[in-house]
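Take a look at the structure below.
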Amino acid sequence: MSGQTMRGQAVNPYLPSWEYVPDGEPHLFEGRLYVFGSHDRFNGYAYCQNDYVCWSAPPENLSDWRYEGVIYHRTDDPRNADGDSCLYAPDVARGPDGRYYLYYVLDQEPVISVAVSDSPAGTYQFYGYVRDKEGRILGERPGDDPQFDPAVLIDGERIWLYSGYCGMYNPERSGPMVMELGRDMVTLAGEPKTLIPSAPYSQGTGFEGHGFFEASSMRKLNDRYYFIYSSEQKHELCYAVSKYPDRGFSYGGVIVSNCDAGIGSYKAPEFTTAYGGNNHGSLIEINGRLFIFYHRHTNGMNYCRQGCIEPVEMDGEGRIRQAELTTSGPNGGPLRGEGTYPAYLACNLFCRDVSLLTAPPGSWMDARFPKITQEGRDGDENPGYIANMRDGAVAGFKYFSCQGVREIAVSIRGRAEGVMEVLTALDGEPVGRIVLKRSNEWKTYRGEVQIPDGVQSLYFRYAGKGYVSLASFTLNP
């Protein structure tokens, strides 16, 4: 990434391209924005294989992220001393005693574990398992549902815990659970009860087609409670709203889809322009603006997910408008229409074989679909790029404030025999074409363009034989 171009600009994904932190729960603690999430492994074979890490930023500058290090090892849990289980999506809350409590589940355990720290960025020490007043562990009592994706809300003197997973059309799970905790942050003060319906129980409720699947999160905004969750559609984060934290929720709508399904501003609403998959995140207000944190899928698989941020519009009645996928989401406005931008910032990536969900590893789709990937092994700080763009493949980047852009250069490699077309609208004519040639090394090719001045989208569409990888593009006067 060009340091000069990107200085002071915030982009999606908001963390470095070699970092894979999905399921992001953003919180403002002690004057900084902290994001807690699970931790995928590049080229991994399962979700959340790495230890928990934390990143933080000053709320006034979402381009200035600081790595806080590993805050909790999966072997820190007494039930996982051998490391066989993975750490699934966590949440963190500041307790009445001023300490910070980390709630999580292990993928092979039905219980909610809790760790504690004196500071938001840890390190956290194992504290215990959520249990009832008799000491029986939640999730292991007769009749308990297995716990999953815990979320916590501190609401004045009351502490609310949310949890649940409802597999598609599984009538054994009626919906997510809500329960109250005592001031020790680990003992139940009330028994779990269902908050909103899962798919089999959604008829006649207003949640039809958007029943609960997973990814519980709760926020209090303007004296209303917003329950954010992943619906039965999987790729979307929805919200339900109520005057109360534990009852009375009605369906609100979709906040974001990680394949942009439902967005009709630049395409047909049913057309998807990214490869979707499971989704998890939450809302947060930062300096008077509301943002949704979510994740995207990379590397052509489900297990390499990266965090993204989009601004959210809320009307005077508290209704949220679905956010569009962008490159510039956390920037608060369009990016500068000059300089070099890495290709992994693509918010749209698709080909002629449109797919709603990410191609499963090793499937027949792998050879056809472009993907965002990187060189090396997990943890190697190598920049990401787009691989395997074949005839008709499109990489989209939004938005840029353009002024006098008359040339675009692309850095590519591969067995290309064709052109890279540049468009400012998916249904428009190319505003420029760049002739490409075969190369086993990264090479730069240039072409004249006629980009209108103003805020623009940029789409790069490959037309030709063979395949091409895209590392970056440069906007020149």
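Identifiers in this document derive from the order of the structure tokens: chains are assigned A, B, ..., residues are numbered from 1 separately in each chain, and ligands are numbered from 1 in order of occurrence.
The protein and nucleic acid residues lying at most 7 Å from range 26-38 of chain A are Val21, Pro22, Cys48, Tyr52, Cys54, Trp55, Ser56, Ala57, Pro58, Pro59, Leu87, Tyr88, Ala89, Pro90, Asp91, Pro120, Ser282 and Ile284 of chain A, with only C-alpha atoms considered and sequence neighbours fewer than 4 positions away removed.
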Please identify which residues in range 261-428 of chain A DSSP calls strand (DSSP E) from the backbone, and express them as a PyMOL selection string. chain A and resi 282-286+289-297+305-314+320-321+335-336+339-342+348-350+371-373+385-389+394-402+407-414+416-423
With a cut-off of 10 Å, could you pull out the residues of range 47-121 of chain A touching range 148-168 of chain A and give me the nearest pair of atoms for each, distance in Å to one decimal, using only C-alpha atoms, ordered by chain and ascending number, as a Markdown table?
```
| residue | atom | partner | partner_atom | distance |
| --- | --- | --- | --- | --- |
| A:Tyr88 | CA | A:Asp149 | CA | 7.0 |
| A:Ala89 | CA | A:Asp149 | CA | 5.5 |
| A:Pro90 | CA | A:Pro150 | CA | 6.4 |
| A:Asp91 | CA | A:Ala151 | CA | 5.4 |
| A:Val92 | CA | A:Val152 | CA | 7.0 |
| A:Ala93 | CA | A:Val152 | CA | 6.4 |
| A:Arg94 | CA | A:Ile154 | CA | 7.7 |
| A:Gly95 | CA | A:Ile154 | CA | 7.6 |
| A:Pro96 | CA | A:Glu157 | CA | 8.1 |
| A:Tyr101 | CA | A:Val152 | CA | 9.4 |
| A:Leu102 | CA | A:Val152 | CA | 9.3 |
| A:Tyr103 | CA | A:Pro150 | CA | 6.2 |
| A:Tyr104 | CA | A:Pro150 | CA | 6.1 |
| A:Val105 | CA | A:Phe148 | CA | 6.2 |
| A:Leu106 | CA | A:Phe148 | CA | 8.7 |
| A:Asp107 | CA | A:Phe148 | CA | 8.5 |
| A:Glu109 | CA | A:Phe148 | CA | 9.3 |
| A:Pro110 | CA | A:Phe148 | CA | 7.4 |
| A:Val111 | CA | A:Phe148 | CA | 7.8 |
| A:Ile112 | CA | A:Pro150 | CA | 7.2 |
| A:Ser113 | CA | A:Pro150 | CA | 9.3 |
```
Any idea what's packed within 9 Å of His73 in chain A, counting only C-alpha atoms, ignoring anything in its chain fewer than 6 positions away? Could you give it as a PDB file with C-alpha atoms, in the first residue's frame?
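Result file selection-v7.pdb:
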```
ATOM      1  CA  ASN A  50      -5.872 -18.726  16.294  1.00  0.00           C
ATOM      2  CA  ASP A  51      -5.737 -17.121  19.744  1.00  0.00           C
ATOM      3  CA  TYR A  52      -7.648 -13.935  20.520  1.00  0.00           C
ATOM      4  CA  VAL A  53      -5.910 -10.707  19.556  1.00  0.00           C
ATOM      5  CA  GLY A  83      -5.690 -26.784  22.466  1.00  0.00           C
ATOM      6  CA  LEU A  87     -12.163 -19.844  20.449  1.00  0.00           C
ATOM      7  CA  TYR A 124      -7.142 -11.840  30.284  1.00  0.00           C
TER       8      TYR A 124
END
```
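Interatomic distance, CA of Phe207 in chain A to CA of Ser231 in chain A: 9.4 Å.
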Pick the closest to Ala416 in chain A from A:Lys193, A:Lys465, A:Arg173, A:Arg446: which is it, counting only C-alpha atoms? A:Lys465
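Using only C-alpha atoms, the nearest neighbour of Glu317 in chain A within the list A:Arg352, A:His295, A:Arg377, A:Arg224 is A:Arg224.
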Proximity of range 138-239 of chain A to range 243-264 of chain A: per-residue shortest pair, 10 Å limit, only C-alpha atoms, as a Markdown table:
```
| residue | atom | partner | partner_atom | distance |
| --- | --- | --- | --- | --- |
| A:Leu153 | CA | A:Pro245 | CA | 8.7 |
| A:Asp155 | CA | A:Pro245 | CA | 8.6 |
| A:Ile159 | CA | A:Pro245 | CA | 9.9 |
| A:Trp160 | CA | A:Pro245 | CA | 7.7 |
| A:Leu161 | CA | A:Asp246 | CA | 9.6 |
| A:Tyr162 | CA | A:Asp246 | CA | 9.3 |
| A:Met177 | CA | A:Asp246 | CA | 9.1 |
| A:Val178 | CA | A:Asp246 | CA | 6.2 |
| A:Met179 | CA | A:Asp246 | CA | 7.7 |
| A:Glu180 | CA | A:Asp246 | CA | 8.8 |
| A:Pro192 | CA | A:Asp246 | CA | 9.9 |
| A:Lys193 | CA | A:Asp246 | CA | 8.4 |
| A:Thr194 | CA | A:Arg247 | CA | 8.5 |
| A:Leu195 | CA | A:Arg247 | CA | 6.1 |
| A:Ile196 | CA | A:Phe249 | CA | 6.7 |
| A:Pro197 | CA | A:Phe249 | CA | 9.9 |
| A:Thr205 | CA | A:Ser250 | CA | 7.9 |
| A:Gly206 | CA | A:Tyr251 | CA | 6.0 |
| A:Phe207 | CA | A:Tyr251 | CA | 5.6 |
| A:Glu208 | CA | A:Tyr251 | CA | 9.1 |
| A:His210 | CA | A:Tyr251 | CA | 8.4 |
| A:Gly211 | CA | A:Tyr251 | CA | 9.2 |
| A:Met218 | CA | A:Pro245 | CA | 8.3 |
| A:Arg219 | CA | A:Pro245 | CA | 9.1 |
| A:Lys220 | CA | A:Pro245 | CA | 8.4 |
| A:Asp223 | CA | A:Lys243 | CA | 7.2 |
| A:Arg224 | CA | A:Lys243 | CA | 5.1 |
| A:Tyr225 | CA | A:Pro245 | CA | 5.8 |
| A:Tyr226 | CA | A:Pro245 | CA | 8.3 |
| A:Phe227 | CA | A:Phe249 | CA | 8.2 |
| A:Ile228 | CA | A:Ile255 | CA | 8.6 |
| A:Tyr229 | CA | A:Val254 | CA | 9.6 |
| A:Ser230 | CA | A:Val254 | CA | 9.5 |
| A:Ser231 | CA | A:Val254 | CA | 9.1 |
| A:Gln233 | CA | A:Ser257 | CA | 9.4 |
| A:Lys234 | CA | A:Ser257 | CA | 8.8 |
| A:His235 | CA | A:Ser257 | CA | 5.4 |
| A:Glu236 | CA | A:Ser257 | CA | 4.1 |
| A:Leu237 | CA | A:Val256 | CA | 5.5 |
| A:Cys238 | CA | A:Val254 | CA | 4.2 |
| A:Tyr239 | CA | A:Gly252 | CA | 5.4 |
```
Enumerate the residues of range 176-360 of chain A with a DSSP assignment of helix (DSSP H, G or I), computed from the backbone, and present them as an mmCIF file with N, CA and C atoms, in the first residue's frame.
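File part30.cif, as written:
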```
data_model
loop_
_atom_site.group_PDB
_atom_site.id
_atom_site.type_symbol
_atom_site.label_atom_id
_atom_site.label_comp_id
_atom_site.auth_asym_id
_atom_site.auth_seq_id
_atom_site.Cartn_x
_atom_site.Cartn_y
_atom_site.Cartn_z
ATOM 1 N N ALA A 199 -36.127 -19.554 12.511
ATOM 2 C CA ALA A 199 -36.927 -19.736 11.293
ATOM 3 C C ALA A 199 -38.197 -20.566 11.502
ATOM 4 N N PRO A 200 -38.137 -21.713 12.190
ATOM 5 C CA PRO A 200 -39.367 -22.520 12.305
ATOM 6 C C PRO A 200 -40.485 -21.849 13.095
ATOM 7 N N TYR A 201 -40.139 -20.809 13.858
ATOM 8 C CA TYR A 201 -41.129 -20.164 14.721
ATOM 9 C C TYR A 201 -41.431 -18.721 14.294
ATOM 10 N N GLY A 329 -15.734 2.874 3.548
ATOM 11 C CA GLY A 329 -16.673 2.917 4.664
ATOM 12 C C GLY A 329 -16.207 3.621 5.920
ATOM 13 N N PRO A 330 -15.057 3.220 6.484
ATOM 14 C CA PRO A 330 -14.635 3.849 7.739
ATOM 15 C C PRO A 330 -14.033 5.238 7.579
ATOM 16 N N ASN A 331 -13.894 5.707 6.328
ATOM 17 C CA ASN A 331 -13.212 6.983 6.079
ATOM 18 C C ASN A 331 -14.091 8.187 6.373
ATOM 19 N N ALA A 343 -5.142 -3.842 -4.469
ATOM 20 C CA ALA A 343 -6.340 -4.500 -4.995
ATOM 21 C C ALA A 343 -7.156 -5.185 -3.914
ATOM 22 N N TYR A 344 -6.545 -5.546 -2.788
ATOM 23 C CA TYR A 344 -7.311 -6.254 -1.759
ATOM 24 C C TYR A 344 -8.390 -5.374 -1.133
ATOM 25 N N LEU A 345 -8.390 -4.072 -1.467
ATOM 26 C CA LEU A 345 -9.422 -3.166 -0.970
ATOM 27 C C LEU A 345 -10.736 -3.292 -1.743
#
```
Within 7 Å of Arg438 in chain A, counting only C-alpha atoms, which residues show up once you throw out same-chain ones fewer than 5 positions away? Write them as a PyMOL selection string, please. chain A and resi 413-417
Hey, what's within 10 Å of Glu375 in chain A if we count only C-alpha atoms and toss same-chain stuff fewer than 4 positions away? As an mmCIF file with N, CA and C atoms, in the first residue's frame, please?
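Writing the result to out-v8.cif gives the following:
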```
data_model
loop_
_atom_site.group_PDB
_atom_site.id
_atom_site.type_symbol
_atom_site.label_atom_id
_atom_site.label_comp_id
_atom_site.auth_asym_id
_atom_site.auth_seq_id
_atom_site.Cartn_x
_atom_site.Cartn_y
_atom_site.Cartn_z
ATOM 1 N N TRP A 18 -3.074 -8.909 6.003
ATOM 2 C CA TRP A 18 -2.653 -10.231 6.481
ATOM 3 C C TRP A 18 -3.297 -10.598 7.825
ATOM 4 N N PHE A 42 -4.940 -17.869 8.156
ATOM 5 C CA PHE A 42 -4.824 -17.890 6.700
ATOM 6 C C PHE A 42 -4.561 -19.320 6.221
ATOM 7 N N ASP A 380 2.494 -14.096 8.065
ATOM 8 C CA ASP A 380 3.438 -13.379 7.209
ATOM 9 C C ASP A 380 2.808 -12.059 6.782
ATOM 10 N N GLU A 381 3.524 -10.981 6.956
ATOM 11 C CA GLU A 381 2.967 -9.659 6.680
ATOM 12 C C GLU A 381 3.131 -9.304 5.205
ATOM 13 N N ASN A 382 2.513 -10.128 4.359
ATOM 14 C CA ASN A 382 2.551 -9.914 2.925
ATOM 15 C C ASN A 382 1.255 -9.265 2.457
ATOM 16 N N PRO A 383 1.337 -8.283 1.563
ATOM 17 C CA PRO A 383 0.113 -7.593 1.127
ATOM 18 C C PRO A 383 -0.804 -8.511 0.332
ATOM 19 N N GLY A 384 -2.091 -8.306 0.480
ATOM 20 C CA GLY A 384 -3.063 -9.092 -0.261
ATOM 21 C C GLY A 384 -3.173 -8.641 -1.701
ATOM 22 N N TYR A 385 -3.765 -9.487 -2.529
ATOM 23 C CA TYR A 385 -4.011 -9.162 -3.936
ATOM 24 C C TYR A 385 -5.188 -10.005 -4.424
#
```
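When only C-alpha atoms are used to measure the gap to Leu349 in chain A, the shortest distance among A:Gly277, A:Arg368, A:Tyr459, A:Arg336 belongs to A:Tyr459.
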Which residues, written as a ChimeraX atom specification, have at least one atom at most 9 Å from Thr75 in chain A, with only C-alpha atoms counted and residues fewer than 5 positions away on the same chain left out? /A:51,80-85
Would you put the residues from that selection into a file with N, CA and C atoms, as a short mmCIF file (atom, residue, chain, number, x, y, z; two decimals), in the first residue's frame?
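What follows is the written file again05.cif:
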```
data_model
loop_
_atom_site.label_atom_id
_atom_site.label_comp_id
_atom_site.auth_asym_id
_atom_site.auth_seq_id
_atom_site.Cartn_x
_atom_site.Cartn_y
_atom_site.Cartn_z
N ASP A 51 -5.42 -17.72 18.45
CA ASP A 51 -5.74 -17.12 19.74
C ASP A 51 -6.37 -15.74 19.54
N ASN A 80 -9.57 -26.73 27.81
CA ASN A 80 -8.89 -26.79 26.52
C ASN A 80 -7.38 -26.74 26.67
N ALA A 81 -6.89 -27.39 27.69
CA ALA A 81 -5.45 -27.36 27.96
C ALA A 81 -4.63 -27.93 26.81
N ASP A 82 -5.21 -28.86 26.04
CA ASP A 82 -4.49 -29.45 24.92
C ASP A 82 -4.68 -28.68 23.62
N GLY A 83 -5.51 -27.63 23.64
CA GLY A 83 -5.69 -26.78 22.47
C GLY A 83 -6.52 -27.38 21.36
N ASP A 84 -7.29 -28.44 21.64
CA ASP A 84 -8.09 -29.08 20.59
C ASP A 84 -9.25 -28.22 20.11
N SER A 85 -9.77 -27.35 20.97
CA SER A 85 -10.93 -26.53 20.61
C SER A 85 -10.50 -25.14 20.16
#
```
Would you mind reading off the distance between CA of Phe397 in chain A and CA of Cys351 in chain A, one decimal, in Å? 15.2 Å
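Distance check against Thr298 in chain A using only C-alpha atoms: of A:Pro13, A:Gly466, A:Gly447, A:Gly24, the minimum falls on A:Pro13.
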